[in-house]
$ cat model_4.txt   # compact mmCIF, C-alpha atoms and all ligand atoms
# COMPACT_ATOMS: atom_id res chain seq x y z
CA MET U 393 64.21 -33.31 -13.50
CA ALA U 394 65.41 -31.18 -16.38
CA THR U 395 68.96 -31.27 -15.02
CA ALA U 396 68.90 -35.03 -14.73
CA ASN U 397 67.80 -35.32 -18.34
CA THR U 398 70.49 -32.95 -19.52
CA ASN U 399 73.10 -34.93 -17.63
CA GLN U 400 71.86 -38.19 -19.07
CA ASP U 401 71.86 -36.59 -22.48
CA LYS U 402 75.41 -35.36 -22.07
CA LYS U 403 76.60 -38.76 -20.91
CA ARG U 404 74.89 -40.53 -23.80
CA LYS U 405 76.38 -38.10 -26.33
CA PHE U 406 79.82 -38.53 -24.84
CA GLU U 407 79.62 -42.30 -24.85
CA GLU U 408 78.38 -42.42 -28.43
CA GLN U 409 81.27 -40.35 -29.69
CA PHE U 410 84.14 -41.49 -27.54
CA LEU U 411 83.67 -45.05 -26.31
CA PRO U 412 84.15 -46.54 -29.81
CA LEU U 413 87.62 -44.96 -29.80
CA MET U 414 88.83 -46.90 -26.78
CA ASP U 415 90.81 -49.48 -28.78
CA ASN U 416 92.66 -46.65 -30.56
CA LEU U 417 93.52 -45.02 -27.24
CA TYR U 418 94.52 -48.28 -25.63
CA ASN U 419 96.91 -49.20 -28.43
CA ILE U 420 98.59 -45.78 -28.40
CA ALA U 421 98.79 -45.94 -24.60
CA MET U 422 100.36 -49.41 -24.79
CA ARG U 423 103.03 -48.19 -27.20
CA MET U 424 103.77 -45.07 -25.18
CA THR U 425 103.81 -46.53 -21.65
CA ARG U 426 105.06 -49.95 -22.81
CA ASN U 427 103.06 -51.86 -20.21
CA SER U 428 99.40 -52.72 -19.78
CA ALA U 429 98.92 -51.46 -16.22
CA ASP U 430 100.07 -47.92 -17.05
CA ALA U 431 98.25 -48.06 -20.38
CA GLU U 432 94.97 -48.83 -18.62
CA ASP U 433 95.52 -46.01 -16.12
CA LEU U 434 96.34 -43.60 -18.90
CA VAL U 435 93.23 -44.46 -20.90
CA GLN U 436 91.04 -44.22 -17.83
CA GLU U 437 92.42 -40.85 -16.87
CA THR U 438 92.02 -39.66 -20.44
CA TYR U 439 88.32 -40.54 -20.43
CA LEU U 440 87.82 -38.89 -17.08
CA LYS U 441 89.40 -35.64 -18.31
CA ALA U 442 87.60 -35.80 -21.63
CA PHE U 443 84.24 -36.15 -19.90
CA ARG U 444 85.05 -33.29 -17.57
CA PHE U 445 85.98 -31.08 -20.51
CA PHE U 446 83.28 -32.37 -22.81
CA ASP U 447 81.58 -28.96 -22.81
CA HIS U 448 84.67 -27.62 -24.56
CA PHE U 449 84.45 -30.16 -27.35
CA GLN U 450 83.14 -28.55 -30.50
CA GLU U 451 80.46 -30.68 -32.06
CA GLY U 452 81.38 -31.63 -35.61
CA THR U 453 85.15 -31.42 -35.11
CA ASN U 454 87.38 -34.49 -35.06
CA ALA U 455 86.53 -36.42 -31.88
CA ARG U 456 89.45 -38.83 -32.32
CA ALA U 457 91.97 -35.99 -32.63
CA TRP U 458 90.43 -34.24 -29.62
CA ILE U 459 90.63 -37.18 -27.23
CA ILE U 460 94.07 -38.25 -28.47
CA THR U 461 95.27 -34.73 -27.69
CA ILE U 462 94.08 -35.25 -24.12
CA LEU U 463 95.80 -38.63 -23.97
CA THR U 464 99.04 -37.12 -25.28
CA ASN U 465 99.01 -34.31 -22.72
CA THR U 466 98.15 -36.68 -19.91
CA PHE U 467 100.96 -39.00 -20.90
CA ARG U 468 103.43 -36.14 -20.95
CA THR U 469 102.59 -34.80 -17.52
CA LYS U 470 102.00 -38.11 -15.82
CA TYR U 471 104.53 -40.53 -17.21
CA ARG U 472 107.46 -38.54 -18.43
CA LYS U 473 109.28 -38.76 -15.13
CA TYR U 474 109.05 -42.55 -15.18
CA GLN U 475 110.51 -42.89 -18.63
CA LYS U 476 114.01 -44.15 -19.10
CA GLU U 477 116.50 -41.72 -20.49
CA PRO U 478 115.95 -41.71 -24.25
CA ILE U 479 118.68 -43.43 -26.20
CA GLN U 480 121.15 -41.01 -27.66
CA VAL U 481 120.73 -40.68 -31.38
CA ASP U 482 123.41 -39.52 -33.75
CA PHE U 483 121.23 -37.89 -36.36
CA ASP U 484 124.01 -37.34 -38.87
CA SER U 485 124.61 -41.08 -39.04
CA ILE U 486 120.96 -41.89 -39.77
CA GLU U 487 120.25 -39.13 -42.28
CA ASN U 488 121.12 -41.43 -45.17
CA PHE U 489 120.33 -44.76 -43.57
CA PHE U 490 117.92 -47.01 -45.44
CA LEU U 491 117.08 -50.43 -44.03
CA VAL U 492 116.13 -51.65 -47.48
CA ASP U 493 119.71 -51.10 -48.64
CA GLU U 494 121.06 -53.22 -45.80
CA ILE U 495 119.10 -56.42 -46.08
CA LYS U 496 118.17 -58.95 -48.70
CA PRO U 497 115.38 -61.52 -48.59
CA GLN U 498 116.20 -64.93 -47.21
CA ILE U 499 114.29 -66.71 -49.92
CA GLN U 500 115.06 -65.53 -53.38
CA PRO U 501 112.03 -65.39 -55.65
CA ALA U 502 111.96 -68.49 -57.84
CA ASN U 503 112.24 -66.56 -61.02
CA LYS U 504 114.36 -63.54 -60.38
CA SER U 505 113.78 -61.82 -63.68
CA GLU U 506 110.03 -62.01 -63.34
CA ALA U 507 109.81 -61.23 -59.65
CA LYS U 508 108.29 -57.85 -59.02
CA GLY U 509 110.05 -55.44 -56.72
CA SER U 510 107.14 -55.21 -54.32
CA GLU U 511 107.15 -59.01 -53.88
CA GLU U 512 110.81 -58.95 -52.97
CA ILE U 513 110.04 -56.30 -50.33
CA THR U 514 107.17 -58.39 -48.96
CA GLU U 515 109.64 -61.25 -48.65
CA ILE U 516 112.08 -59.08 -46.70
CA LEU U 517 109.42 -57.79 -44.32
CA LYS U 518 107.99 -61.26 -43.73
CA ALA U 519 111.05 -61.86 -41.56
CA TYR U 520 109.61 -59.49 -38.98
CA VAL U 521 106.72 -60.52 -36.76
CA SER U 522 104.47 -58.01 -34.97
CA ASP U 523 106.46 -58.31 -31.76
CA ASP U 524 109.65 -57.35 -33.58
CA ILE U 525 108.05 -54.21 -34.94
CA ILE U 526 106.64 -53.31 -31.51
CA LYS U 527 109.95 -53.95 -29.79
CA ALA U 528 111.80 -51.81 -32.32
CA LEU U 529 109.25 -49.01 -32.04
CA GLU U 530 109.36 -49.06 -28.25
CA ASN U 531 113.09 -48.36 -28.47
CA VAL U 532 112.45 -45.16 -30.42
CA PRO U 533 112.61 -42.11 -28.10
CA GLU U 534 109.08 -41.11 -27.16
CA GLN U 535 108.74 -37.81 -29.01
CA PHE U 536 109.67 -39.53 -32.28
CA ARG U 537 107.64 -42.61 -31.44
CA LEU U 538 104.52 -40.57 -30.87
CA ALA U 539 104.83 -38.76 -34.21
CA VAL U 540 105.32 -42.05 -36.06
CA LEU U 541 102.35 -43.65 -34.28
CA LEU U 542 100.04 -40.77 -35.05
CA SER U 543 101.02 -40.92 -38.71
CA ASP U 544 101.36 -44.64 -39.34
CA VAL U 545 98.74 -46.06 -37.01
CA GLU U 546 96.19 -43.27 -36.64
CA ARG U 547 96.85 -41.88 -40.12
CA PHE U 548 96.58 -38.23 -39.12
CA ASN U 549 98.11 -35.72 -41.52
CA TYR U 550 101.05 -33.55 -40.45
CA GLN U 551 98.83 -30.56 -39.66
CA GLU U 552 96.62 -32.65 -37.37
CA ILE U 553 99.65 -34.18 -35.66
CA ALA U 554 101.11 -30.70 -35.15
CA GLU U 555 97.91 -29.62 -33.39
CA ILE U 556 97.74 -32.77 -31.26
CA ILE U 557 101.35 -32.54 -30.06
CA GLY U 558 101.45 -28.75 -30.00
CA VAL U 559 104.45 -28.22 -32.29
CA SER U 560 104.95 -26.83 -35.80
CA VAL U 561 104.34 -28.84 -38.98
CA GLY U 562 108.08 -28.60 -39.68
CA THR U 563 108.83 -30.23 -36.35
CA VAL U 564 106.33 -33.00 -37.08
CA LYS U 565 107.95 -33.63 -40.45
CA SER U 566 111.38 -33.89 -38.88
CA ARG U 567 110.20 -36.12 -36.03
CA ILE U 568 108.48 -38.52 -38.43
CA PHE U 569 111.53 -38.59 -40.69
CA ARG U 570 113.89 -39.26 -37.79
CA GLY U 571 111.51 -41.58 -35.99
CA ARG U 572 111.26 -43.83 -39.03
CA LYS U 573 115.02 -43.82 -39.47
CA ILE U 574 115.61 -44.78 -35.83
CA LEU U 575 112.98 -47.49 -36.14
CA GLN U 576 114.68 -48.91 -39.22
CA LYS U 577 118.01 -48.87 -37.48
CA GLN U 578 116.45 -50.77 -34.57
CA LEU U 579 114.98 -53.26 -37.03
CA LEU U 580 118.39 -53.81 -38.57
CA ASP U 581 119.98 -54.45 -35.16
CA LEU U 582 117.17 -56.88 -34.42
CA ALA U 583 117.73 -58.64 -37.72
CA LYS U 584 121.41 -58.99 -36.96
CA ALA U 585 120.78 -60.24 -33.42
CA LYS U 586 118.23 -62.80 -34.49
CA GLY U 587 119.76 -63.61 -37.81
CA ILE U 588 116.30 -63.33 -39.31
CA VAL U 589 117.20 -61.71 -42.58
CA GLY U 590 120.15 -61.77 -44.87
CA VAL U 591 122.20 -58.82 -43.77
CA LYS U 592 124.53 -57.52 -46.44
CA LYS U 593 128.17 -57.79 -45.55
CA MET X 1192 114.23 -34.90 -64.07
CA ILE X 1193 114.24 -34.81 -60.26
CA LYS X 1194 117.28 -36.60 -58.79
CA CYS X 1195 117.21 -39.89 -56.84
CA GLU X 1196 118.70 -38.15 -53.82
CA GLU X 1197 115.86 -35.62 -53.81
CA VAL X 1198 113.24 -38.35 -54.23
CA LEU X 1199 114.56 -40.33 -51.28
CA LYS X 1200 114.69 -37.21 -49.14
CA ARG X 1201 111.02 -36.52 -49.81
CA LEU X 1202 109.77 -40.10 -49.81
CA ASN X 1203 108.19 -39.81 -46.36
CA GLU X 1204 106.18 -36.78 -47.34
CA TYR X 1205 105.28 -38.37 -50.66
CA ILE X 1206 103.95 -41.50 -48.97
CA ASP X 1207 102.10 -39.43 -46.38
CA LYS X 1208 100.58 -37.32 -49.20
CA GLU X 1209 101.98 -34.10 -47.81
CA LEU X 1210 103.55 -32.72 -51.01
CA ASP X 1211 101.98 -30.32 -53.46
CA GLU X 1212 100.68 -31.53 -56.78
CA THR X 1213 103.71 -30.49 -58.84
CA VAL X 1214 106.29 -32.28 -56.70
CA THR X 1215 104.00 -35.29 -56.27
CA LYS X 1216 103.77 -35.64 -60.06
CA GLU X 1217 107.52 -35.26 -60.47
CA ILE X 1218 108.18 -38.02 -57.98
CA MET X 1219 105.48 -40.23 -59.47
CA GLU X 1220 107.11 -39.92 -62.90
CA HIS X 1221 110.54 -40.62 -61.42
CA LEU X 1222 109.28 -43.75 -59.64
CA LYS X 1223 107.91 -45.14 -62.91
CA LEU X 1224 111.37 -45.00 -64.43
CA CYS X 1225 113.74 -45.62 -61.53
CA LYS X 1226 113.89 -49.11 -60.06
CA TYR X 1227 116.17 -48.02 -57.24
CA CYS X 1228 113.80 -45.40 -55.86
CA CYS X 1229 110.80 -47.58 -56.58
CA ARG X 1230 112.26 -50.29 -54.33
CA HIS X 1231 112.66 -47.73 -51.54
CA HIS X 1232 109.13 -46.52 -52.09
CA ASP X 1233 107.63 -50.02 -51.93
CA PHE X 1234 109.59 -50.74 -48.79
CA GLU X 1235 108.43 -47.59 -46.98
CA VAL X 1236 104.82 -48.15 -47.96
CA GLN X 1237 104.82 -51.77 -46.83
CA LEU X 1238 106.62 -50.94 -43.60
CA LYS X 1239 104.04 -48.25 -42.82
CA GLU X 1240 101.30 -50.84 -43.29
CA LEU X 1241 103.15 -53.34 -41.15
CA ILE X 1242 103.53 -50.79 -38.35
CA LYS X 1243 99.80 -50.09 -38.42
CA LYS X 1244 98.98 -53.79 -38.37
CA SER X 1245 101.46 -54.55 -35.58
CA CYS X 1246 100.54 -51.62 -33.37
CA PHE X 1247 96.78 -51.75 -33.67
CA ASP X 1248 96.50 -55.32 -32.58
CA LYS X 1249 94.77 -55.18 -29.23
CA LYS X 1250 91.28 -54.59 -27.98
CA ALA X 1251 90.91 -52.55 -24.82
CA PRO X 1252 90.46 -55.07 -21.96
CA GLU X 1253 86.90 -55.67 -20.75
CA ILE X 1254 87.88 -54.69 -17.23
CA LEU X 1255 88.96 -51.26 -18.49
CA LYS X 1256 85.73 -50.80 -20.42
CA ASN X 1257 83.77 -51.61 -17.29
CA LYS X 1258 85.85 -49.24 -15.15
CA ILE X 1259 85.26 -46.40 -17.55
CA SER X 1260 81.54 -47.09 -17.86
CA GLU X 1261 81.27 -47.09 -14.08
CA MET X 1262 83.25 -43.90 -13.83
CA LEU X 1263 80.95 -42.15 -16.31
CA GLY X 1264 77.92 -43.41 -14.45
CA GLU X 1265 78.88 -41.67 -11.24
ZN ZN G 1301 115.68 -42.73 -58.51
$ encode --input "model_4.txt" --output "structure tokens" --more "lines below"
Ligand SMILES: [Zn+2]
Amino acid sequence: MATANTNQDKKRKFEEQFLPLMDNLYNIAMRMTRNSADAEDLVQETYLKAFRFFDHFQEGTNARAWIITILTNTFRTKYRKYQKEPIQVDFDSIENFFLVDEIKPQIQPANKSEAKGSEEITEILKAYVSDDIIKALENVPEQFRLAVLLSDVERFNYQEIAEIIGVSVGTVKSRIFRGRKILQKQLLDLAKAKGIVGVKK
Amino acid sequence: MIKCEEVLKRLNEYIDKELDETVTKEIMEHLKLCKYCCRHHDFEVQLKELIKKSCFDKKAPEILKNKISEMLGE
């Protein structure tokens, strides 16, 4: 009887802490596997492992970071072999690439002199719908994509990301820097292909 | 004053709040005075927001929730 209660207790505790994080996990899984069937498998396997290792979870530490670490490791071992070869990136050519320098808004603000800079930027970015952003991000090689996701979507700091991925803070910094550059380059290509923004000649 | 080139190089860390107080202040002061860097800053901030909005758009499917609940029940 005591064992049954303890088990129930453990299950309840686990569910309370981790089930509310399922949308977070699912969205990361979607971006990393790039399809819903694999994403669902990945999330399910993550929960299974997390429950199995729940005794190792230190109460009071960051539950979201802990389970995302499990998801990350599971992704790496399970799906890496299915991934396409990452696109080759010439890092020297992107070091000084800024998307904002390459495009101009389609609609000029009515009163140029009074238009605030941030409004002009909003106008530029309006040209991109969610699917464009996702498509561009999914073309970023996975190690860079993961770092960008953990920073931009999950809003972890560099130290937390370093612990989740298992690399140094310096590596995280460089992956985020490069990941964002590659993403911006993808967004520029997309803009050119779709003719959705004014691309500077 | 800190140079534009240096500001742009550190913009990611600035936006992610990863820089120490001294450098953060230097960049903040620079951004107040430099339209060029300010435009880059606004762009990076808004793009970061847009990425979050675009990538956190789905709810986990009900079928997955049920599968996981079942799995934990076993
Ligand atoms: Zn400047």
$ residues_near_ligand --input "model_4.txt" --ligand "ligand ZN 1301 (chain G)" --cutoff "9 Å" --atoms "all atoms listed in the file" --output "JSON, numbers by chain"
{"X": [1193, 1194, 1195, 1196, 1197, 1198, 1199, 1218, 1221, 1222, 1224, 1225, 1226, 1227, 1228, 1229]}
$ residues_around --input "model_4.txt" --residues "range 507-523 of chain U" --least-positions-apart "5" --cutoff "12 Å" --atoms "all atoms listed in the file" --output "PDB file with C-alpha atoms, in the coordinates of the input"
ATOM      1  CA  ARG U 423     103.030 -48.190 -27.200  1.00  0.00           C
ATOM      2  CA  LEU U 491     117.080 -50.430 -44.030  1.00  0.00           C
ATOM      3  CA  VAL U 492     116.130 -51.650 -47.480  1.00  0.00           C
ATOM      4  CA  ASP U 493     119.710 -51.100 -48.640  1.00  0.00           C
ATOM      5  CA  GLU U 494     121.060 -53.220 -45.800  1.00  0.00           C
ATOM      6  CA  ILE U 495     119.100 -56.420 -46.080  1.00  0.00           C
ATOM      7  CA  LYS U 496     118.170 -58.950 -48.700  1.00  0.00           C
ATOM      8  CA  PRO U 497     115.380 -61.520 -48.590  1.00  0.00           C
ATOM      9  CA  GLN U 498     116.200 -64.930 -47.210  1.00  0.00           C
ATOM     10  CA  ILE U 499     114.290 -66.710 -49.920  1.00  0.00           C
ATOM     11  CA  GLN U 500     115.060 -65.530 -53.380  1.00  0.00           C
ATOM     12  CA  PRO U 501     112.030 -65.390 -55.650  1.00  0.00           C
ATOM     13  CA  ALA U 502     111.960 -68.490 -57.840  1.00  0.00           C
ATOM     14  CA  ALA U 528     111.800 -51.810 -32.320  1.00  0.00           C
ATOM     15  CA  LEU U 529     109.250 -49.010 -32.040  1.00  0.00           C
ATOM     16  CA  GLU U 530     109.360 -49.060 -28.250  1.00  0.00           C
ATOM     17  CA  GLN U 576     114.680 -48.910 -39.220  1.00  0.00           C
ATOM     18  CA  GLN U 578     116.450 -50.770 -34.570  1.00  0.00           C
ATOM     19  CA  LEU U 579     114.980 -53.260 -37.030  1.00  0.00           C
ATOM     20  CA  LEU U 580     118.390 -53.810 -38.570  1.00  0.00           C
ATOM     21  CA  LEU U 582     117.170 -56.880 -34.420  1.00  0.00           C
ATOM     22  CA  ALA U 583     117.730 -58.640 -37.720  1.00  0.00           C
ATOM     23  CA  LYS U 584     121.410 -58.990 -36.960  1.00  0.00           C
ATOM     24  CA  LYS U 586     118.230 -62.800 -34.490  1.00  0.00           C
ATOM     25  CA  GLY U 587     119.760 -63.610 -37.810  1.00  0.00           C
ATOM     26  CA  ILE U 588     116.300 -63.330 -39.310  1.00  0.00           C
ATOM     27  CA  VAL U 589     117.200 -61.710 -42.580  1.00  0.00           C
ATOM     28  CA  GLY U 590     120.150 -61.770 -44.870  1.00  0.00           C
ATOM     29  CA  VAL U 591     122.200 -58.820 -43.770  1.00  0.00           C
TER      30      VAL U 591
ATOM     31  CA  CYS X1225     113.740 -45.620 -61.530  1.00  0.00           C
ATOM     32  CA  LYS X1226     113.890 -49.110 -60.060  1.00  0.00           C
ATOM     33  CA  TYR X1227     116.170 -48.020 -57.240  1.00  0.00           C
ATOM     34  CA  CYS X1228     113.800 -45.400 -55.860  1.00  0.00           C
ATOM     35  CA  CYS X1229     110.800 -47.580 -56.580  1.00  0.00           C
ATOM     36  CA  ARG X1230     112.260 -50.290 -54.330  1.00  0.00           C
ATOM     37  CA  HIS X1231     112.660 -47.730 -51.540  1.00  0.00           C
ATOM     38  CA  HIS X1232     109.130 -46.520 -52.090  1.00  0.00           C
ATOM     39  CA  ASP X1233     107.630 -50.020 -51.930  1.00  0.00           C
ATOM     40  CA  PHE X1234     109.590 -50.740 -48.790  1.00  0.00           C
ATOM     41  CA  GLU X1235     108.430 -47.590 -46.980  1.00  0.00           C
ATOM     42  CA  VAL X1236     104.820 -48.150 -47.960  1.00  0.00           C
ATOM     43  CA  GLN X1237     104.820 -51.770 -46.830  1.00  0.00           C
ATOM     44  CA  LEU X1238     106.620 -50.940 -43.600  1.00  0.00           C
ATOM     45  CA  LYS X1239     104.040 -48.250 -42.820  1.00  0.00           C
ATOM     46  CA  GLU X1240     101.300 -50.840 -43.290  1.00  0.00           C
ATOM     47  CA  LEU X1241     103.150 -53.340 -41.150  1.00  0.00           C
ATOM     48  CA  ILE X1242     103.530 -50.790 -38.350  1.00  0.00           C
ATOM     49  CA  LYS X1243      99.800 -50.090 -38.420  1.00  0.00           C
ATOM     50  CA  LYS X1244      98.980 -53.790 -38.370  1.00  0.00           C
ATOM     51  CA  SER X1245     101.460 -54.550 -35.580  1.00  0.00           C
ATOM     52  CA  CYS X1246     100.540 -51.620 -33.370  1.00  0.00           C
ATOM     53  CA  PHE X1247      96.780 -51.750 -33.670  1.00  0.00           C
ATOM     54  CA  ASP X1248      96.500 -55.320 -32.580  1.00  0.00           C
ATOM     55  CA  LYS X1249      94.770 -55.180 -29.230  1.00  0.00           C
TER      56      LYS X1249
END
$ atom_distance --input "model_4.txt" --atom1 "CA of Tyr550 in chain U" --atom2 "CA of Leu575 in chain U"
18.8 Å
$ residues_around --input "model_4.txt" --residues "range 453-466 of chain U" --least-positions-apart "5" --cutoff "8 Å" --atoms "only C-alpha atoms" --output "list in words"
Gln409, Phe410, Leu413, Leu417, Ala421, Leu434, Val435, Glu437, Thr438, Tyr439, Lys441, Ala442, Tyr471, Glu552, Ile556 and Ile557 of chain U
$ closest_residue --input "model_4.txt" --among "U:Phe406, U:Tyr418, U:Phe445, U:Phe467" --to "chain X" --atoms "only C-alpha atoms"
U:Tyr418
$ atom_distance --input "model_4.txt" --atom1 "CA of Asp415 in chain U" --atom2 "CA of Lys1250 in chain X"
5.2 Å
$ atom_distance --input "model_4.txt" --atom1 "CA of Val532 in chain U" --atom2 "CA of Ile486 in chain U"
13.1 Å
$ closest_residue --input "model_4.txt" --among "U:Asp482, U:Glu451, U:Asp433, U:Glu408" --to "chain X" --atoms "all atoms listed in the file"
U:Asp433
$ closest_residue --input "model_4.txt" --among "U:Glu432, U:Glu555, U:Thr398, U:Phe490" --to "Glu1253 in chain X" --atoms "only C-alpha atoms"
U:Glu432
$ decode --input "model_4.txt" --residues "range 1215-1248 of chain X" --atoms "C-alpha atoms" --output "PDB file, in the first residue's frame"
ATOM      1  CA  THR X1215      26.151  47.522 -21.769  1.00  0.00           C
ATOM      2  CA  LYS X1216      26.191  51.195 -20.757  1.00  0.00           C
ATOM      3  CA  GLU X1217      28.684  52.077 -23.476  1.00  0.00           C
ATOM      4  CA  ILE X1218      26.511  50.479 -26.127  1.00  0.00           C
ATOM      5  CA  MET X1219      23.357  52.044 -24.705  1.00  0.00           C
ATOM      6  CA  GLU X1220      24.949  55.493 -24.939  1.00  0.00           C
ATOM      7  CA  HIS X1221      26.143  54.783 -28.474  1.00  0.00           C
ATOM      8  CA  LEU X1222      22.670  53.670 -29.571  1.00  0.00           C
ATOM      9  CA  LYS X1223      21.158  56.925 -28.320  1.00  0.00           C
ATOM     10  CA  LEU X1224      23.419  58.883 -30.633  1.00  0.00           C
ATOM     11  CA  CYS X1225      23.916  56.631 -33.655  1.00  0.00           C
ATOM     12  CA  LYS X1226      20.982  56.118 -35.997  1.00  0.00           C
ATOM     13  CA  TYR X1227      22.823  53.504 -38.026  1.00  0.00           C
ATOM     14  CA  CYS X1228      23.443  51.157 -35.101  1.00  0.00           C
ATOM     15  CA  CYS X1229      20.051  51.932 -33.625  1.00  0.00           C
ATOM     16  CA  ARG X1230      18.398  50.682 -36.829  1.00  0.00           C
ATOM     17  CA  HIS X1231      20.380  47.438 -36.555  1.00  0.00           C
ATOM     18  CA  HIS X1232      19.423  47.117 -32.919  1.00  0.00           C
ATOM     19  CA  ASP X1233      15.697  47.601 -33.591  1.00  0.00           C
ATOM     20  CA  PHE X1234      15.852  45.081 -36.391  1.00  0.00           C
ATOM     21  CA  GLU X1235      17.537  42.386 -34.289  1.00  0.00           C
ATOM     22  CA  VAL X1236      15.143  42.914 -31.395  1.00  0.00           C
ATOM     23  CA  GLN X1237      12.064  42.728 -33.598  1.00  0.00           C
ATOM     24  CA  LEU X1238      13.378  39.713 -35.484  1.00  0.00           C
ATOM     25  CA  LYS X1239      13.999  37.897 -32.197  1.00  0.00           C
ATOM     26  CA  GLU X1240      10.393  38.576 -31.210  1.00  0.00           C
ATOM     27  CA  LEU X1241       9.151  37.438 -34.595  1.00  0.00           C
ATOM     28  CA  ILE X1242      11.105  34.178 -34.304  1.00  0.00           C
ATOM     29  CA  LYS X1243       9.565  33.500 -30.909  1.00  0.00           C
ATOM     30  CA  LYS X1244       6.085  34.243 -32.195  1.00  0.00           C
ATOM     31  CA  SER X1245       6.537  32.153 -35.346  1.00  0.00           C
ATOM     32  CA  CYS X1246       8.131  29.163 -33.658  1.00  0.00           C
ATOM     33  CA  PHE X1247       5.920  28.902 -30.607  1.00  0.00           C
ATOM     34  CA  ASP X1248       2.727  28.708 -32.543  1.00  0.00           C
TER      35      ASP X1248
END
